[in-house]
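Asks: Take this structure, written in structure tokens, and hold onto it; I'll ask about it next.
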Amino acid sequence: MASFVTQGIDHIGLTVCDLSASRAFFEGALGWEQFGGNPDYPSAYMTDGVAKVTLWERKAEDFNGFDRHKNIGLHHLALKVATSDDLNALFKVVQAWPGVEVEFAPELSGKGPKEHFMVLEPGGTRLEVSYDPR
């Protein structure tokens with residue numbers, strides 16, 4: 001049996017279409033805080049106190065939008081909340097956020113009991129938020 005040396009995920013790095021829109025969404029809609037960044041890239045490093053995401057603004061004017069069926073790499077970023085009420089309350093905030101595209105509202109994942117919703121945040125990243133009572 002292999003002896004693993006990794007210890008979980010340090011952070012997820014995302015290229016976004018509009019850094020200021022993504023940063024505002026993470027701060028305003030999700031309640032995250034910026035803990036760093038690189039203004040020369042530019043980038044913003046965000047955290048909810050547990051997870052860390054680094055947002056990197058795309059460099060090229062022509063770019064490919066998010067396509068989980070054609071592109072290799074990120075399918076979606078999945079975040080979790082503590083209760084079903086939190087999931088529904090967060091969805092109300094997120095769905096009303098400027099530039100958010102709702103893929104689906106809170107629903108059971110498969111046969112449940114996990115519940116989730118899926119959106120595209122303003123910078124173009126597909127984002128799932130879920131609650132799992134198990």
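Identifiers in the structure tokens: chain A, B, ... in order shown; residue index from 1 per chain; ligand index from 1 in order shown.
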DSSP on the backbone, alpha helix (DSSP H) only: what residues of segment 2-95 of chain A does that give? Format it as a PyMOL selection string.

Replies: chain A and resi 19-28+84-95

Asks: Counting only C-alpha atoms, figure out which residue out of A:Val81, A:Val102, A:Ala96, A:Ala89 gets nearest to Phe25 of chain A.

Replies: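 Of A:Val81, A:Val102, A:Ala96, A:Ala89, the one nearest Phe25 of chain A is A:Ala96, counting only C-alpha atoms.
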
Asks: What does the distance between atom CA of Glu128 of chain A and atom CA of Phe26 of chain A come to in Å, to one decimal place?

Replies: 13.2 Å

Asks: Using DSSP on the backbone, list every residue of chain A that comes out as strand (DSSP E or B), and give them as an MDAnalysis selection string.

Replies: chainID A and resid 12:16 33:38 43:47 52:57 77:80 101:108 115:120 126:131
